[in-house]
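Student: Input: one structure, supplied below.
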Amino acid sequence: LVDKEGIIHVRGRIDTSPNLSPENLIEVISTEIKKVLHSLSNQVVLKGVGIGAPNGNYFTGTVKFAPNMNWKEEVKVTKLFYKNIGVKTVLTNDANAAALGEMLFGKAKNIRDFLFITLGTGLGSGIVANGQLIYGHDGFAGELGHVVIVQNGRKCGCGRQGCLETYASATGIKKTYQELLTVNNVSSDFNPEVHGSIYIYEKAIRGEKEAIEAFDYTARMLALGLSNSVAYTSPQVIYLFGGLSQAGEILLKPLRAYFEEYLLNIYRNKISIEISGLPHSDAAILGAASLIWNEDN
Ligand SMILES: [Zn+2]
């Protein structure tokens with residue numbers, strides 16, 4: 001429960017099983033919301049429900065190919081919520097929601113043109129241009145993670161090859177690190193199934209050559225993707241969010257250097273790359289809430 005200033009008053013969490021039907025899941029969440037409202041004995045007015053979900057579509061209010069649920073059909077998420085709660089419900093994908101969160105409650109309050117990049121298991125992004133989140137004609141704009149940066153490159157979960165997220169993400173850096181260990185014949189207990197990118201970070205700050213090289217290569221690929229993306233909307237700032245971005249200077253220093261090197265000359269020395277101002281654990285909540293507050297005039 002988030003107010004207009006971005007203050008989180010109540011939080012809740014429910015377990016989801018991939019086998020829950022859309023109707024059941026939304027009913028469970030709605031019941032929780034009603035419980036919270038009841039406990040506040042109607043001291044608050046619920047303006048709306050904001051939802052950030054992978055593959056969420058702003059225009060249709062639906063989720064197609066939900067990545068973490070065994071849902072076969074396109075699910076009418078906003079309709080189902082409205083049926084249960086009866087207030088305005090707005091949906092978009094999680095990276096778009098976080099970009100709006102940055103604009104309303106984070107560092108981008110006075111920035112009208114920026115890119116928001118989430119570096120998690122994959123690479124998500126939200127594009128804000130002229131002060132507006134870009135949805136595109138069908139609601140799917142801003143999939144920078146699936147821009148091809150290497151022809152015939154690494155296989156991506158989306159079915160294509162050489163997508164940016166196969167290099168610049170937690171999954172990407174783990175693959176790079178594994179390759180470097182193999183090429184350089186280094187024996188290591190590294191297991192990409194078990195270890196996160198933090199394992200590589202810890203090796204890198206201790207000076208391990210392969211780990212430092214893995215960060216350098218990741219930074220180079222991300223810089224290439226970002227420098228190309230700049231051409232579309234000429235952003236002032238690029239905000240990075242997510243586990244990998246917490247590596248700090250080990251990633252940022254080479255990233256900024258490669259980025260300037262790759263940029264078209266007219267864009268050089270005027271775009272900053274910064275870490276998101278959204279608190280890590282609250283970004284999804286603030287992002288979803290901003291969907292409602294952004295439209296509350
Ligand atoms: Zn892809």
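All residue names refer to the structure tokens as shown: chains lettered A, B, ... in order, residues numbered from 1 in each chain, ligands numbered from 1 in order.
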Do a neighbour search on Ile127 (chain A) at 6 Å with only C-alpha atoms, toss out local chain neighbours closer than 6 positions, and write the hits as an MDAnalysis selection string.

Tutor: chainID A and resid 115 133:134 142

Student: Kindly save the residues from that selection, with N, CA and C atoms included, as an mmCIF file, in the first residue's frame.

Tutor:
```
data_model
loop_
_atom_site.group_PDB
_atom_site.id
_atom_site.type_symbol
_atom_site.label_atom_id
_atom_site.label_comp_id
_atom_site.auth_asym_id
_atom_site.auth_seq_id
_atom_site.Cartn_x
_atom_site.Cartn_y
_atom_site.Cartn_z
ATOM 1 N N LEU A 115 16.957 6.066 -19.972
ATOM 2 C CA LEU A 115 16.756 4.620 -20.122
ATOM 3 C C LEU A 115 16.894 3.998 -18.742
ATOM 4 N N LEU A 133 6.727 7.345 -20.658
ATOM 5 C CA LEU A 133 7.178 5.981 -20.873
ATOM 6 C C LEU A 133 6.737 5.541 -22.276
ATOM 7 N N ILE A 134 7.652 4.968 -23.020
ATOM 8 C CA ILE A 134 7.328 4.559 -24.392
ATOM 9 C C ILE A 134 6.744 3.146 -24.399
ATOM 10 N N GLY A 142 10.635 -1.234 -25.967
ATOM 11 C CA GLY A 142 11.693 -1.198 -24.959
ATOM 12 C C GLY A 142 12.276 -2.528 -24.563
#
```

Student: Could you list the protein, DNA and RNA residues that have any atom within 10 Å of ligand 1, counting only C-alpha atoms and all ligand atoms, and write them as a PyMOL selection string?

Tutor: chain A and resi 122-123+143-148+154-166

Student: I need the chosen residues saved as a compact mmCIF listing (two decimals), in the first residue's frame, with all heavy atoms.

Tutor:
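Full text of selection.txt as output:
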```
# COMPACT_ATOMS: atom_id res chain seq x y z
N GLY A 122 17.97 -11.82 -16.61
CA GLY A 122 18.03 -11.30 -17.98
C GLY A 122 18.28 -9.80 -17.94
O GLY A 122 18.72 -9.28 -16.92
N LEU A 123 18.03 -9.14 -19.07
CA LEU A 123 18.17 -7.67 -19.09
C LEU A 123 16.83 -7.07 -19.50
O LEU A 123 16.33 -7.33 -20.61
CB LEU A 123 19.27 -7.26 -20.08
CG LEU A 123 19.65 -5.78 -20.13
CD1 LEU A 123 21.10 -5.58 -20.57
CD2 LEU A 123 18.71 -4.97 -21.05
N GLU A 143 12.36 -3.46 -25.48
CA GLU A 143 12.98 -4.77 -25.16
C GLU A 143 14.45 -4.74 -25.55
O GLU A 143 14.90 -5.49 -26.42
CB GLU A 143 12.24 -5.90 -25.88
CG GLU A 143 10.85 -6.21 -25.34
CD GLU A 143 10.88 -6.88 -23.97
OE1 GLU A 143 11.95 -7.32 -23.52
OE2 GLU A 143 9.81 -6.94 -23.33
N LEU A 144 15.21 -3.88 -24.86
CA LEU A 144 16.62 -3.74 -25.23
C LEU A 144 17.44 -5.01 -24.96
O LEU A 144 18.48 -5.22 -25.56
CB LEU A 144 17.26 -2.56 -24.50
CG LEU A 144 16.67 -1.18 -24.80
CD1 LEU A 144 17.47 -0.08 -24.12
CD2 LEU A 144 16.63 -0.93 -26.30
N GLY A 145 16.95 -5.84 -24.06
CA GLY A 145 17.65 -7.10 -23.76
C GLY A 145 17.70 -8.02 -24.97
O GLY A 145 18.55 -8.90 -25.06
N HIS A 146 16.77 -7.81 -25.90
CA HIS A 146 16.70 -8.70 -27.06
C HIS A 146 17.09 -8.00 -28.35
O HIS A 146 16.62 -8.35 -29.43
CB HIS A 146 15.32 -9.36 -27.13
CG HIS A 146 15.06 -10.17 -25.91
ND1 HIS A 146 15.64 -11.42 -25.70
CD2 HIS A 146 14.37 -9.88 -24.78
CE1 HIS A 146 15.28 -11.86 -24.51
NE2 HIS A 146 14.51 -10.95 -23.93
N VAL A 147 17.96 -7.01 -28.22
CA VAL A 147 18.59 -6.42 -29.40
C VAL A 147 19.82 -7.27 -29.68
O VAL A 147 20.60 -7.57 -28.78
CB VAL A 147 18.99 -4.96 -29.09
CG1 VAL A 147 19.94 -4.42 -30.13
CG2 VAL A 147 17.75 -4.09 -28.98
N VAL A 148 19.98 -7.69 -30.92
CA VAL A 148 21.12 -8.56 -31.27
C VAL A 148 22.40 -7.73 -31.37
O VAL A 148 22.46 -6.75 -32.11
CB VAL A 148 20.85 -9.31 -32.60
CG1 VAL A 148 22.11 -10.06 -33.06
CG2 VAL A 148 19.68 -10.27 -32.43
N ARG A 154 25.46 -15.98 -28.90
CA ARG A 154 24.89 -16.92 -27.91
C ARG A 154 23.39 -17.11 -28.10
O ARG A 154 22.67 -16.17 -28.41
CB ARG A 154 25.14 -16.39 -26.50
CG ARG A 154 26.59 -16.47 -26.09
CD ARG A 154 26.77 -15.90 -24.69
NE ARG A 154 28.17 -15.90 -24.33
CZ ARG A 154 28.67 -15.29 -23.25
NH1 ARG A 154 27.86 -14.62 -22.44
NH2 ARG A 154 29.95 -15.35 -22.99
N LYS A 155 22.94 -18.34 -27.86
CA LYS A 155 21.52 -18.66 -27.96
C LYS A 155 20.77 -17.98 -26.82
O LYS A 155 21.16 -18.04 -25.67
CB LYS A 155 21.36 -20.17 -27.80
CG LYS A 155 20.92 -20.85 -29.06
CD LYS A 155 20.38 -22.24 -28.77
CE LYS A 155 19.55 -22.68 -29.95
NZ LYS A 155 20.33 -23.23 -31.03
N CYS A 156 19.68 -17.30 -27.16
CA CYS A 156 18.88 -16.60 -26.16
C CYS A 156 17.61 -17.39 -25.85
O CYS A 156 17.12 -18.14 -26.70
CB CYS A 156 18.53 -15.21 -26.67
SG CYS A 156 17.65 -14.21 -25.45
N GLY A 157 17.09 -17.22 -24.65
CA GLY A 157 15.84 -17.87 -24.25
C GLY A 157 14.67 -17.50 -25.15
O GLY A 157 13.67 -18.20 -25.21
N CYS A 158 14.79 -16.38 -25.86
CA CYS A 158 13.70 -15.91 -26.73
C CYS A 158 13.69 -16.64 -28.06
O CYS A 158 12.78 -16.46 -28.86
CB CYS A 158 13.82 -14.40 -26.96
SG CYS A 158 15.12 -13.93 -28.09
N GLY A 159 14.73 -17.44 -28.30
CA GLY A 159 14.77 -18.20 -29.54
C GLY A 159 15.71 -17.59 -30.59
O GLY A 159 15.99 -18.21 -31.61
N ARG A 160 16.17 -16.36 -30.32
CA ARG A 160 17.10 -15.75 -31.27
C ARG A 160 18.54 -15.95 -30.80
O ARG A 160 18.79 -16.57 -29.78
CB ARG A 160 16.78 -14.26 -31.41
CG ARG A 160 15.29 -14.05 -31.70
CD ARG A 160 14.97 -12.72 -32.31
NE ARG A 160 15.59 -11.61 -31.64
CZ ARG A 160 15.81 -10.44 -32.26
NH1 ARG A 160 15.47 -10.29 -33.51
NH2 ARG A 160 16.35 -9.45 -31.60
N GLN A 161 19.48 -15.42 -31.53
CA GLN A 161 20.88 -15.59 -31.17
C GLN A 161 21.59 -14.25 -31.04
O GLN A 161 21.36 -13.34 -31.84
CB GLN A 161 21.60 -16.38 -32.26
CG GLN A 161 21.55 -17.89 -32.05
CD GLN A 161 22.29 -18.61 -33.14
OE1 GLN A 161 21.74 -18.82 -34.23
NE2 GLN A 161 23.53 -18.98 -32.88
N GLY A 162 22.45 -14.13 -30.03
CA GLY A 162 23.29 -12.95 -29.88
C GLY A 162 22.62 -11.76 -29.22
O GLY A 162 23.11 -10.63 -29.32
N CYS A 163 21.50 -12.00 -28.53
CA CYS A 163 20.80 -10.91 -27.83
C CYS A 163 21.68 -10.32 -26.73
O CYS A 163 22.46 -11.04 -26.09
CB CYS A 163 19.51 -11.41 -27.19
SG CYS A 163 18.23 -11.83 -28.37
N LEU A 164 21.51 -9.02 -26.49
CA LEU A 164 22.29 -8.32 -25.46
C LEU A 164 22.23 -9.04 -24.11
O LEU A 164 23.24 -9.14 -23.42
CB LEU A 164 21.77 -6.87 -25.33
CG LEU A 164 22.44 -5.99 -24.28
CD1 LEU A 164 23.94 -5.84 -24.54
CD2 LEU A 164 21.78 -4.61 -24.24
N GLU A 165 21.06 -9.56 -23.74
CA GLU A 165 20.96 -10.15 -22.40
C GLU A 165 21.73 -11.47 -22.25
O GLU A 165 22.01 -11.89 -21.14
CB GLU A 165 19.50 -10.31 -21.95
CG GLU A 165 18.74 -11.48 -22.51
CD GLU A 165 17.45 -11.74 -21.72
OE1 GLU A 165 16.88 -10.79 -21.15
OE2 GLU A 165 17.02 -12.90 -21.68
N THR A 166 22.10 -12.09 -23.37
CA THR A 166 22.90 -13.31 -23.23
C THR A 166 24.34 -12.97 -22.84
O THR A 166 25.12 -13.85 -22.47
CB THR A 166 22.91 -14.15 -24.53
OG1 THR A 166 23.57 -13.41 -25.57
CG2 THR A 166 21.51 -14.51 -24.97
```

Student: Using only C-alpha atoms, which protein or nucleic acid residues come within 9 Å of region 208-211 of chain A? Drop anything in the same chain fewer than 6 positions from it, and give the result as number ranges by chain.

Tutor: A: 177-178, 180-181, 184, 186, 200-202

Student: Using N, CA and C atoms, can you export the residues from the last selection as a short mmCIF file (atom, residue, chain, number, x, y, z; two decimals), in the first residue's frame?

Tutor:
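Once everything was written out, this is result.cif:
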```cif
data_model
loop_
_atom_site.label_atom_id
_atom_site.label_comp_id
_atom_site.auth_asym_id
_atom_site.auth_seq_id
_atom_site.Cartn_x
_atom_site.Cartn_y
_atom_site.Cartn_z
N TYR A 177 32.38 -15.97 -17.68
CA TYR A 177 33.38 -16.38 -16.69
C TYR A 177 33.74 -17.86 -16.88
N GLN A 178 32.71 -18.67 -17.06
CA GLN A 178 32.92 -20.11 -17.29
C GLN A 178 33.80 -20.33 -18.52
N LEU A 180 35.97 -18.24 -19.83
CA LEU A 180 37.33 -17.77 -19.56
C LEU A 180 38.11 -18.78 -18.72
N LEU A 181 37.41 -19.39 -17.73
CA LEU A 181 38.06 -20.41 -16.90
C LEU A 181 38.50 -21.58 -17.77
N ASN A 184 41.41 -20.60 -20.25
CA ASN A 184 42.69 -20.41 -19.54
C ASN A 184 43.08 -21.60 -18.67
N VAL A 186 41.82 -22.93 -15.97
CA VAL A 186 41.86 -22.66 -14.53
C VAL A 186 40.92 -23.64 -13.82
N ILE A 200 31.53 -14.15 -8.81
CA ILE A 200 32.53 -13.59 -9.74
C ILE A 200 33.01 -12.23 -9.23
N TYR A 201 32.07 -11.47 -8.64
CA TYR A 201 32.41 -10.17 -8.05
C TYR A 201 33.46 -10.33 -6.95
N GLU A 202 33.22 -11.32 -6.08
CA GLU A 202 34.15 -11.53 -4.97
C GLU A 202 35.54 -11.95 -5.46
#
```

Student: Figure out the distance between CA of Ser125 (chain A) and CA of Glu102 (chain A), please, to one decimal in Å.

Tutor: 12.2 Å

Student: Could you tell me which of A:Val28, A:Ile292, A:Val150, A:Val77 comes closest to Asp15 (chain A) if we count only C-alpha atoms?

Tutor: A:Val28
